[in-house]
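final.txt follows; it contains compact mmCIF, C-alpha atoms.
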```txt
# COMPACT_ATOMS: atom_id res chain seq x y z
CA MET B 1376 -6.36 5.95 -6.76
CA SER B 1377 -5.71 9.66 -6.25
CA GLU B 1378 -3.39 11.01 -3.57
CA GLU B 1379 -6.23 13.24 -2.37
CA LEU B 1380 -8.03 10.20 -0.96
CA TYR B 1381 -5.46 9.85 1.84
CA ASN B 1382 -4.97 13.60 2.21
CA SER B 1383 -8.70 14.05 2.78
CA VAL B 1384 -8.82 11.80 5.85
CA PRO B 1385 -8.51 14.70 8.37
CA SER B 1386 -11.81 16.06 7.00
CA PHE B 1387 -13.73 12.79 7.38
CA ASN B 1388 -15.20 13.71 10.77
CA THR B 1389 -16.99 16.67 9.18
CA TYR B 1390 -18.53 14.59 6.41
CA GLU B 1391 -19.41 11.78 8.76
CA GLY B 1392 -21.60 14.27 10.62
CA ILE B 1393 -23.37 15.15 7.36
CA LYS B 1394 -23.84 11.46 6.60
CA ASP B 1395 -25.38 10.93 10.05
CA ASP B 1396 -27.81 13.79 9.40
CA CYS B 1397 -28.82 12.10 6.15
CA SER B 1398 -29.83 8.98 8.04
CA ALA B 1399 -32.55 10.91 9.87
CA GLY B 1400 -36.02 10.28 8.52
CA ILE B 1401 -35.23 6.90 6.96
CA ASN B 1402 -37.69 4.47 8.52
CA ASP B 1403 -38.55 0.81 8.11
CA GLY B 1404 -41.50 1.64 5.88
CA MET B 1405 -39.14 3.03 3.24
CA LEU B 1406 -37.27 -0.26 3.05
CA ASN B 1407 -40.12 -1.82 1.08
CA SER B 1408 -39.61 0.55 -1.85
CA CYS B 1409 -36.42 -1.07 -3.15
CA ASP B 1410 -36.25 -1.39 -6.95
CA LYS B 1411 -35.46 -5.06 -7.50
CA LEU B 1412 -34.78 -4.51 -11.18
CA THR B 1413 -31.88 -2.26 -10.21
CA LEU B 1414 -30.48 -3.65 -6.96
CA ARG B 1415 -31.63 -7.23 -7.51
CA GLU B 1416 -30.95 -9.53 -4.52
CA ALA B 1417 -29.54 -6.63 -2.48
CA CYS B 1418 -33.16 -5.53 -1.95
CA ASN B 1419 -33.55 -8.46 0.42
CA ASP B 1420 -30.87 -6.96 2.68
CA ASN B 1421 -32.52 -4.23 4.75
CA ASN B 1422 -29.22 -2.96 6.14
CA PHE B 1423 -27.76 -2.62 2.63
CA TYR B 1424 -30.81 -0.79 1.31
CA ARG B 1425 -30.97 1.51 4.34
CA ASN B 1426 -27.37 2.55 3.64
CA TYR B 1427 -28.22 2.93 -0.03
CA LEU B 1428 -30.95 5.44 0.87
CA ILE B 1429 -28.49 7.32 3.08
CA ALA B 1430 -26.03 7.41 0.17
CA GLU B 1431 -28.76 8.90 -2.07
CA LYS B 1432 -29.48 11.68 0.40
CA TYR B 1433 -25.78 12.31 0.99
CA LEU B 1434 -24.99 12.83 -2.70
CA ASN B 1435 -28.10 14.93 -3.17
CA HIS B 1436 -26.93 17.16 -0.30
CA PHE B 1437 -23.86 18.18 -2.34
CA LYS B 1438 -25.65 18.33 -5.69
CA ALA B 1439 -25.85 22.13 -5.80
CA MET B 1440 -22.17 22.67 -4.91
CA GLY B 1441 -20.80 21.61 -8.27
CA ASN B 1442 -17.08 20.88 -8.21
CA SER B 1443 -16.03 22.89 -5.16
CA PRO B 1444 -13.21 21.56 -2.92
CA TYR B 1445 -15.85 20.66 -0.36
CA VAL B 1446 -17.44 18.29 -2.85
CA GLU B 1447 -14.13 16.61 -3.63
CA TYR B 1448 -13.48 15.73 0.00
CA ALA B 1449 -17.14 14.83 0.48
CA CYS B 1450 -16.79 12.32 -2.35
CA LYS B 1451 -13.62 10.84 -0.85
CA TYR B 1452 -15.49 10.22 2.39
CA PHE B 1453 -18.45 8.83 0.42
CA SER B 1454 -16.12 6.33 -1.28
CA TYR B 1455 -14.67 5.18 2.03
CA TRP B 1456 -18.02 4.97 3.82
CA VAL B 1457 -19.81 3.11 1.02
CA TYR B 1458 -17.02 0.53 0.87
CA LYS B 1459 -16.96 0.12 4.64
CA GLU B 1460 -20.71 -0.19 5.19
CA MET B 1461 -21.93 -1.72 1.93
CA LEU B 1462 -19.16 -3.34 -0.10
CA LYS B 1463 -16.41 -4.59 2.19
CA ASP B 1464 -17.73 -8.16 2.22
CA ASN B 1465 -18.28 -8.02 -1.56
CA GLN B 1466 -21.59 -9.82 -1.12
CA TYR B 1467 -23.33 -8.28 -4.12
CA GLY B 1468 -20.40 -7.54 -6.42
CA TYR B 1469 -20.79 -3.76 -6.69
CA SER B 1470 -17.98 -1.23 -6.76
CA VAL B 1471 -18.23 2.29 -5.32
CA SER B 1472 -18.42 3.84 -8.79
CA GLU B 1473 -21.17 1.43 -9.86
CA LEU B 1474 -23.34 2.33 -6.87
CA ARG B 1475 -22.74 6.01 -7.49
CA ASP B 1476 -23.81 5.54 -11.13
CA ILE B 1477 -27.02 3.78 -10.04
CA ILE B 1478 -27.90 6.69 -7.76
CA MET B 1479 -27.10 9.17 -10.53
CA ARG B 1480 -29.47 7.43 -12.97
CA ARG B 1481 -32.29 6.96 -10.47
CA LYS B 1482 -32.20 10.37 -8.78
CA ASP B 1483 -30.54 12.57 -11.38
CA VAL B 1484 -27.75 13.32 -8.91
CA ASN B 1485 -24.73 14.35 -10.95
CA THR B 1486 -22.19 14.51 -8.11
CA CYS B 1487 -18.69 13.08 -7.61
CA ASN B 1488 -18.07 12.60 -11.33
CA ASP B 1489 -14.30 12.93 -11.02
CA TYR B 1490 -13.85 12.28 -7.32
CA VAL B 1491 -15.30 8.88 -6.54
CA GLU B 1492 -12.72 6.21 -5.65
CA ASN B 1493 -12.98 2.44 -5.97
CA ILE B 1494 -11.62 1.20 -2.66
CA SER B 1495 -9.63 -2.02 -2.29
CA THR B 1496 -9.08 -3.96 0.93
CA GLN B 1497 -5.55 -2.59 1.32
CA ILE B 1498 -6.62 1.00 0.69
CA TYR B 1499 -9.43 0.58 3.22
CA LEU B 1500 -6.98 -0.71 5.85
CA ASN B 1501 -4.60 2.18 5.14
CA ILE B 1502 -7.43 4.70 5.54
CA LYS B 1503 -8.39 3.11 8.86
CA LYS B 1504 -4.81 3.60 10.11
CA LEU B 1505 -4.86 7.25 9.06
CA ILE B 1506 -8.25 7.76 10.72
CA ASP B 1507 -6.95 6.22 13.95
CA LEU B 1508 -3.84 8.41 13.81
CA HIS B 1509 -5.89 11.56 13.19
CA ASN B 1510 -8.46 10.70 15.87
CA ASN B 1511 -5.66 10.18 18.37
CA PHE B 1512 -4.34 13.62 17.41
CA MET B 1513 -7.75 15.16 18.07
CA GLU B 1514 -7.93 13.45 21.46
CA VAL B 1515 -4.55 14.94 22.42
CA LEU B 1516 -5.87 18.40 21.57
CA GLY B 1517 -9.01 17.75 23.60
CA GLY B 1518 -7.23 17.50 26.96
CA THR B 1519 -8.77 19.49 29.81
CA ASN B 1520 -5.40 20.87 30.91
CA SER B 1521 -3.77 22.14 27.74
CA PHE B 1522 -2.85 18.81 26.10
CA ASP B 1523 -3.54 15.28 27.30
CA LEU B 1524 -0.19 13.60 28.07
CA ASN B 1525 -1.60 10.07 28.18
CA LYS B 1526 -3.28 10.54 24.81
CA ALA B 1527 -0.06 12.02 23.43
CA GLU B 1528 1.83 8.91 24.53
CA LYS B 1529 -0.81 6.72 22.87
CA LEU B 1530 -0.49 8.62 19.59
CA PHE B 1531 3.32 8.60 19.86
CA ASN B 1532 3.36 4.80 20.15
CA PHE B 1533 0.79 4.36 17.38
CA TYR B 1534 2.83 6.54 15.02
CA ASN B 1535 6.02 4.63 15.83
CA GLY B 1536 4.22 1.47 14.75
CA LEU B 1537 3.72 3.01 11.30
CA ILE B 1538 7.02 4.82 10.83
CA ASN B 1539 8.93 1.80 9.51
CA THR B 1540 6.43 1.29 6.69
CA CYS B 1541 7.63 4.43 4.88
CA TYR B 1542 10.82 6.16 3.80
CA LEU B 1543 11.77 9.83 3.82
CA ASN B 1544 10.71 11.74 0.67
CA SER B 1545 8.56 8.83 -0.44
CA ASP B 1546 6.13 9.32 -3.32
CA ASP B 1547 3.71 6.81 -1.77
CA SER B 1548 0.30 8.39 -1.19
CA PHE B 1549 -0.30 6.55 2.08
CA CYS B 1550 3.08 7.70 3.45
CA ASN B 1551 2.30 11.26 2.39
CA GLY B 1552 -0.98 11.00 4.30
CA ILE B 1553 0.89 9.96 7.45
CA GLU B 1554 3.35 12.81 6.95
CA THR B 1555 0.53 15.34 6.62
CA ILE B 1556 -0.82 14.36 10.04
CA ARG B 1557 2.69 14.19 11.53
CA ASN B 1558 3.49 17.72 10.36
CA GLY B 1559 0.24 19.03 11.82
CA TYR B 1560 0.96 17.32 15.13
CA ASN B 1561 4.53 18.62 15.35
CA GLU B 1562 3.57 22.19 14.44
CA THR B 1563 0.89 22.16 17.14
CA LEU B 1564 2.74 20.46 19.98
CA ILE B 1565 6.42 21.30 19.42
CA LYS B 1566 6.27 23.98 22.14
CA ALA B 1567 4.01 22.01 24.47
CA THR B 1568 6.53 21.16 27.17
CA ASP B 1569 3.83 19.50 29.25
CA CYS B 1570 3.65 16.79 26.55
CA ALA B 1571 7.40 16.11 26.38
CA PRO B 1572 8.83 13.74 25.24
CA TYR B 1573 5.73 12.98 23.16
CA ASN B 1574 5.44 16.40 21.55
CA PHE B 1575 7.53 15.58 18.47
CA LEU B 1576 7.10 12.73 15.99
CA GLN B 1577 10.30 11.69 14.26
CA PRO B 1578 10.48 11.82 10.44
CA PHE B 1579 10.65 8.68 8.34
CA GLN B 1580 13.96 6.89 7.97
CA LYS B 1581 16.07 7.45 4.88
CA ARG B 1582 15.86 4.83 2.17
CA PRO B 1583 18.93 2.55 2.52
CA GLU B 1584 21.48 2.93 -0.24
CA LYS B 1585 23.35 -0.01 -1.71
CA SER B 1586 27.04 0.25 -0.91
CA ALA B 1587 29.77 -0.05 -3.53
CA ASN B 1588 30.88 -3.32 -1.93
CA THR B 1589 27.39 -4.75 -2.27
CA ILE B 1590 27.23 -3.82 -5.94
CA ALA B 1591 30.72 -5.22 -6.59
CA THR B 1592 29.86 -8.48 -4.82
CA ALA B 1593 26.69 -8.83 -6.88
CA ALA B 1594 28.66 -8.25 -10.09
CA ILE B 1595 31.30 -10.83 -9.17
CA THR B 1596 28.60 -13.34 -8.26
CA ALA B 1597 26.87 -12.81 -11.60
CA ILE B 1598 30.12 -13.23 -13.54
CA SER B 1599 31.00 -16.37 -11.60
CA PHE B 1600 27.56 -17.84 -12.24
CA ALA B 1601 27.86 -17.09 -15.95
CA SER B 1602 31.28 -18.76 -16.02
CA ILE B 1603 29.92 -21.88 -14.35
CA MET B 1604 27.04 -22.07 -16.82
CA THR B 1605 29.25 -21.66 -19.92
CA TYR B 1606 32.49 -23.49 -19.06
CA LYS B 1607 31.22 -26.81 -20.43
CA PHE B 1608 31.15 -25.35 -23.93
CA THR B 1609 34.88 -24.54 -23.83
CA PRO B 1610 37.90 -26.80 -24.54
CA LEU B 1611 38.52 -26.89 -20.81
CA GLY B 1612 34.99 -28.14 -20.26
CA SER B 1613 35.54 -30.96 -22.74
CA TRP B 1614 38.70 -31.98 -20.93
CA VAL B 1615 36.94 -32.01 -17.56
CA ARG B 1616 34.06 -34.10 -18.87
CA TYR B 1617 36.47 -36.56 -20.44
CA ARG B 1618 38.50 -37.06 -17.30
CA LEU B 1619 35.44 -37.39 -15.07
CA SER B 1620 33.62 -39.80 -17.36
CA GLY B 1621 36.48 -42.28 -17.08
CA ASN B 1622 36.68 -42.57 -13.34
CA LYS B 1623 34.80 -40.72 -10.61
CA ASN B 1624 37.73 -41.32 -8.27
CA LEU B 1625 39.78 -38.96 -10.37
CA ARG B 1626 37.85 -35.93 -9.08
CA ASN B 1627 40.32 -35.22 -6.33
CA LYS B 1628 43.34 -35.77 -8.57
CA LEU B 1629 41.77 -33.60 -11.23
CA GLU B 1630 41.72 -30.56 -8.99
CA LYS B 1631 45.44 -30.96 -8.23
CA GLU B 1632 46.31 -31.48 -11.88
CA PHE B 1633 44.29 -28.49 -12.93
CA ASN B 1634 46.00 -26.26 -10.38
CA VAL B 1635 49.38 -27.36 -11.69
CA SER B 1636 48.32 -26.91 -15.30
CA GLN B 1637 47.10 -23.38 -14.58
CA ASN B 1638 50.72 -22.37 -14.00
CA SER B 1639 52.00 -24.13 -17.08
CA SER B 1640 52.25 -22.63 -20.51
CA GLU B 1641 51.04 -25.97 -21.82
CA LEU B 1642 47.51 -25.02 -20.73
CA GLN B 1643 47.39 -22.60 -23.65
CA ASP B 1644 47.74 -25.53 -26.08
CA MET B 1645 45.40 -27.83 -24.14
CA GLU B 1646 42.56 -27.53 -26.59
CA TYR B 1647 44.71 -29.19 -29.26
CA ARG B 1648 45.66 -32.14 -27.05
CA VAL B 1649 42.32 -33.01 -25.48
CA PRO B 1650 41.10 -36.43 -26.68
CA TYR B 1651 37.83 -36.28 -28.51
CA ASN B 1652 34.89 -37.55 -26.52
CA SER B 1653 31.57 -37.75 -28.28
CA SER B 1654 29.62 -38.56 -25.12
```

Before we go any further, please render this structure as structure tokens.
Amino acid sequence: MSEELYNSVPSFNTYEGIKDDCSAGINDGMLNSCDKLTLREACNDNNFYRNYLIAEKYLNHFKAMGNSPYVEYACKYFSYWVYKEMLKDNQYGYSVSELRDIIMRRKDVNTCNDYVENISTQIYLNIKKLIDLHNNFMEVLGGTNSFDLNKAEKLFNFYNGLINTCYLNSDDSFCNGIETIRNGYNETLIKATDCAPYNFLQPFQKRPEKSANTIATAAITAISFASIMTYKFTPLGSWVRYRLSGNKNLRNKLEKEFNVSQNSSELQDMEYRVPYNSS
């Protein structure tokens, strides 16, 4: 997925208007012309085929524009809309790129070659959040008296619900999309005192750094774990197994004896005095 998919969300309202224009003139009589060799069982779904015809007209609308920036954003919206209206339930098994290829072959519409995006459920949900954030921004700007304070509060709260999903200077495309809208909002409303305290959206939090103590603790834990796993292969491990195999009641005494032996120079020669135990 390209980063431009999320960055293009603020332009979606424009392309949605073009898509709505493309729906004009599509009537019920046209729904009987579905090519069953191409769309198979999807031809039995009038709503699917109606949207397919809209998609044909939409791509044909941008056919003459080549690879202009307008086409790129138009294709990003196309990808989102096709997934939302035709593929979200995955009823017929198509992807966005597959449907675009079908239209290209049937109508000789060579558009969106490099710009079409195959949308997943998570990407779709992220786009919806960005659309809601942007639409709230537009509603704030549409207030009758300068800016709409109630709408600003609504956007402020919505943004705060997203802020903990990202970190400052993140390379995540979704987070960058949020930041693009946040920057536009702040630049527009920073001087709008009638919207205070909702005229400034806080930046993302910094990514937490691991402290030196945390790293040291992790290292000690790893070393201790390794010691526990390997002690049984040492002379000391043989001695412990031997003492424990004889009598389980010696466990408590063993700890005391071992503490005493730690301070004795005899511990250095222990491996030569440990009885052999083949078990």

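With all atoms listed in the file as the basis for measurement, B:Phe1579 is the residue among B:Glu1473, B:Phe1579, B:Tyr1490, B:Pro1444 that approaches Asn1535 in chain B most closely.
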
What is the CA of Asp1464 in chain B-CA of Ser1386 in chain B distance in Å, reported with one decimal?
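If I compute the distance from CA of Asp1464 in chain B to CA of Ser1386 in chain B, I get 25.4 Å.
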
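Ranking B:Asn1561, B:Ile1478, B:Leu1380, B:Ser1443 by their shortest atom-to-atom distance to Val1491 in chain B, with all atoms listed in the file included, puts B:Leu1380 first.
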
B:Lys1451, B:Lys1463, B:Lys1526, B:Arg1481 ranked by distance to Asp1410 in chain B, top pick (using only C-alpha atoms)
B:Arg1481

Mind pulling up the distance from CA of Tyr1467 in chain B to CA of Lys1411 in chain B?
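These atoms are spaced 13.0 Å apart.
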
What's around Lys1529 in chain B at 8 Å? Count all atoms listed in the file, leave out sequence neighbours fewer than 4 positions away in its own chain, and write the answer as a list in words.
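Everything that qualifies: Asn1511, Asn1525 and Phe1533 of chain B.
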
So the first atom is CA of Tyr1445 in chain B and the second is CA of Asp1489 in chain B; what is the distance between them in Å, to one decimal place?
13.3 Å

For range 1433-1468 of chain B, supply N, CA and C atoms and report the output as a JSON list (two decimals), in the coordinates of the input.
```json
[["chain", "number", "residue", "atom", "x", "y", "z"],
["B", 1433, "TYR", "N", -27.10, 11.70, 0.81],
["B", 1433, "TYR", "CA", -25.78, 12.31, 0.99],
["B", 1433, "TYR", "C", -25.32, 12.97, -0.31],
["B", 1434, "LEU", "N", -25.41, 12.25, -1.42],
["B", 1434, "LEU", "CA", -24.99, 12.83, -2.70],
["B", 1434, "LEU", "C", -25.89, 13.98, -3.11],
["B", 1435, "ASN", "N", -27.18, 13.85, -2.82],
["B", 1435, "ASN", "CA", -28.10, 14.93, -3.17],
["B", 1435, "ASN", "C", -27.80, 16.20, -2.37],
["B", 1436, "HIS", "N", -27.28, 16.03, -1.16],
["B", 1436, "HIS", "CA", -26.93, 17.16, -0.30],
["B", 1436, "HIS", "C", -25.87, 18.05, -0.97],
["B", 1437, "PHE", "N", -24.96, 17.43, -1.71],
["B", 1437, "PHE", "CA", -23.86, 18.18, -2.34],
["B", 1437, "PHE", "C", -24.13, 18.49, -3.82],
["B", 1438, "LYS", "N", -25.33, 18.17, -4.27],
["B", 1438, "LYS", "CA", -25.65, 18.33, -5.69],
["B", 1438, "LYS", "C", -25.46, 19.76, -6.17],
["B", 1439, "ALA", "N", -25.88, 20.73, -5.37],
["B", 1439, "ALA", "CA", -25.85, 22.13, -5.80],
["B", 1439, "ALA", "C", -24.46, 22.77, -5.70],
["B", 1440, "MET", "N", -23.50, 22.07, -5.13],
["B", 1440, "MET", "CA", -22.17, 22.67, -4.91],
["B", 1440, "MET", "C", -21.23, 22.51, -6.09],
["B", 1441, "GLY", "N", -21.64, 21.76, -7.09],
["B", 1441, "GLY", "CA", -20.80, 21.61, -8.27],
["B", 1441, "GLY", "C", -19.51, 20.90, -7.96],
["B", 1442, "ASN", "N", -18.39, 21.50, -8.39],
["B", 1442, "ASN", "CA", -17.08, 20.88, -8.21],
["B", 1442, "ASN", "C", -16.21, 21.65, -7.21],
["B", 1443, "SER", "N", -16.80, 22.16, -6.17],
["B", 1443, "SER", "CA", -16.03, 22.89, -5.16],
["B", 1443, "SER", "C", -15.13, 21.91, -4.40],
["B", 1444, "PRO", "N", -14.08, 22.43, -3.73],
["B", 1444, "PRO", "CA", -13.21, 21.56, -2.92],
["B", 1444, "PRO", "C", -13.97, 20.78, -1.86],
["B", 1445, "TYR", "N", -15.06, 21.36, -1.36],
["B", 1445, "TYR", "CA", -15.85, 20.66, -0.36],
["B", 1445, "TYR", "C", -16.45, 19.38, -0.94],
["B", 1446, "VAL", "N", -16.85, 19.45, -2.20],
["B", 1446, "VAL", "CA", -17.44, 18.29, -2.85],
["B", 1446, "VAL", "C", -16.39, 17.21, -3.05],
["B", 1447, "GLU", "N", -15.19, 17.60, -3.42],
["B", 1447, "GLU", "CA", -14.13, 16.61, -3.63],
["B", 1447, "GLU", "C", -13.89, 15.79, -2.37],
["B", 1448, "TYR", "N", -13.72, 16.46, -1.24],
["B", 1448, "TYR", "CA", -13.48, 15.73, 0.00],
["B", 1448, "TYR", "C", -14.72, 14.97, 0.45],
["B", 1449, "ALA", "N", -15.89, 15.53, 0.16],
["B", 1449, "ALA", "CA", -17.14, 14.83, 0.48],
["B", 1449, "ALA", "C", -17.22, 13.51, -0.28],
["B", 1450, "CYS", "N", -16.75, 13.52, -1.52],
["B", 1450, "CYS", "CA", -16.79, 12.32, -2.35],
["B", 1450, "CYS", "C", -15.76, 11.29, -1.90],
["B", 1451, "LYS", "N", -14.62, 11.76, -1.38],
["B", 1451, "LYS", "CA", -13.62, 10.84, -0.85],
["B", 1451, "LYS", "C", -14.19, 10.11, 0.37],
["B", 1452, "TYR", "N", -14.87, 10.87, 1.23],
["B", 1452, "TYR", "CA", -15.49, 10.22, 2.39],
["B", 1452, "TYR", "C", -16.59, 9.26, 1.93],
["B", 1453, "PHE", "N", -17.39, 9.69, 0.96],
["B", 1453, "PHE", "CA", -18.45, 8.83, 0.42],
["B", 1453, "PHE", "C", -17.87, 7.50, -0.05],
["B", 1454, "SER", "N", -16.75, 7.55, -0.76],
["B", 1454, "SER", "CA", -16.12, 6.33, -1.28],
["B", 1454, "SER", "C", -15.72, 5.40, -0.15],
["B", 1455, "TYR", "N", -15.10, 5.98, 0.88],
["B", 1455, "TYR", "CA", -14.67, 5.18, 2.03],
["B", 1455, "TYR", "C", -15.87, 4.60, 2.76],
["B", 1456, "TRP", "N", -16.88, 5.43, 3.04],
["B", 1456, "TRP", "CA", -18.02, 4.97, 3.82],
["B", 1456, "TRP", "C", -18.82, 3.90, 3.08],
["B", 1457, "VAL", "N", -19.05, 4.09, 1.79],
["B", 1457, "VAL", "CA", -19.81, 3.11, 1.02],
["B", 1457, "VAL", "C", -19.09, 1.76, 1.01],
["B", 1458, "TYR", "N", -17.77, 1.79, 0.84],
["B", 1458, "TYR", "CA", -17.02, 0.53, 0.87],
["B", 1458, "TYR", "C", -17.13, -0.13, 2.25],
["B", 1459, "LYS", "N", -16.96, 0.66, 3.28],
["B", 1459, "LYS", "CA", -16.96, 0.12, 4.64],
["B", 1459, "LYS", "C", -18.31, -0.48, 5.01],
["B", 1460, "GLU", "N", -19.39, 0.22, 4.72],
["B", 1460, "GLU", "CA", -20.71, -0.19, 5.19],
["B", 1460, "GLU", "C", -21.47, -1.08, 4.21],
["B", 1461, "MET", "N", -21.12, -1.03, 2.92],
["B", 1461, "MET", "CA", -21.93, -1.72, 1.93],
["B", 1461, "MET", "C", -21.17, -2.74, 1.08],
["B", 1462, "LEU", "N", -19.87, -2.54, 0.89],
["B", 1462, "LEU", "CA", -19.16, -3.34, -0.10],
["B", 1462, "LEU", "C", -18.01, -4.17, 0.44],
["B", 1463, "LYS", "N", -17.62, -3.96, 1.67],
["B", 1463, "LYS", "CA", -16.41, -4.59, 2.19],
["B", 1463, "LYS", "C", -16.45, -6.11, 2.07],
["B", 1464, "ASP", "N", -17.60, -6.70, 2.30],
["B", 1464, "ASP", "CA", -17.73, -8.16, 2.22],
["B", 1464, "ASP", "C", -17.97, -8.64, 0.80],
["B", 1465, "ASN", "N", -18.12, -7.70, -0.14],
["B", 1465, "ASN", "CA", -18.28, -8.02, -1.56],
["B", 1465, "ASN", "C", -19.41, -9.02, -1.80],
["B", 1466, "GLN", "N", -20.49, -8.86, -1.05],
["B", 1466, "GLN", "CA", -21.59, -9.82, -1.12],
["B", 1466, "GLN", "C", -22.39, -9.71, -2.41],
["B", 1467, "TYR", "N", -22.49, -8.48, -2.94],
["B", 1467, "TYR", "CA", -23.33, -8.28, -4.12],
["B", 1467, "TYR", "C", -22.55, -7.86, -5.35],
["B", 1468, "GLY", "N", -21.25, -7.75, -5.25],
["B", 1468, "GLY", "CA", -20.40, -7.54, -6.42],
["B", 1468, "GLY", "C", -20.34, -6.12, -6.95]]
```
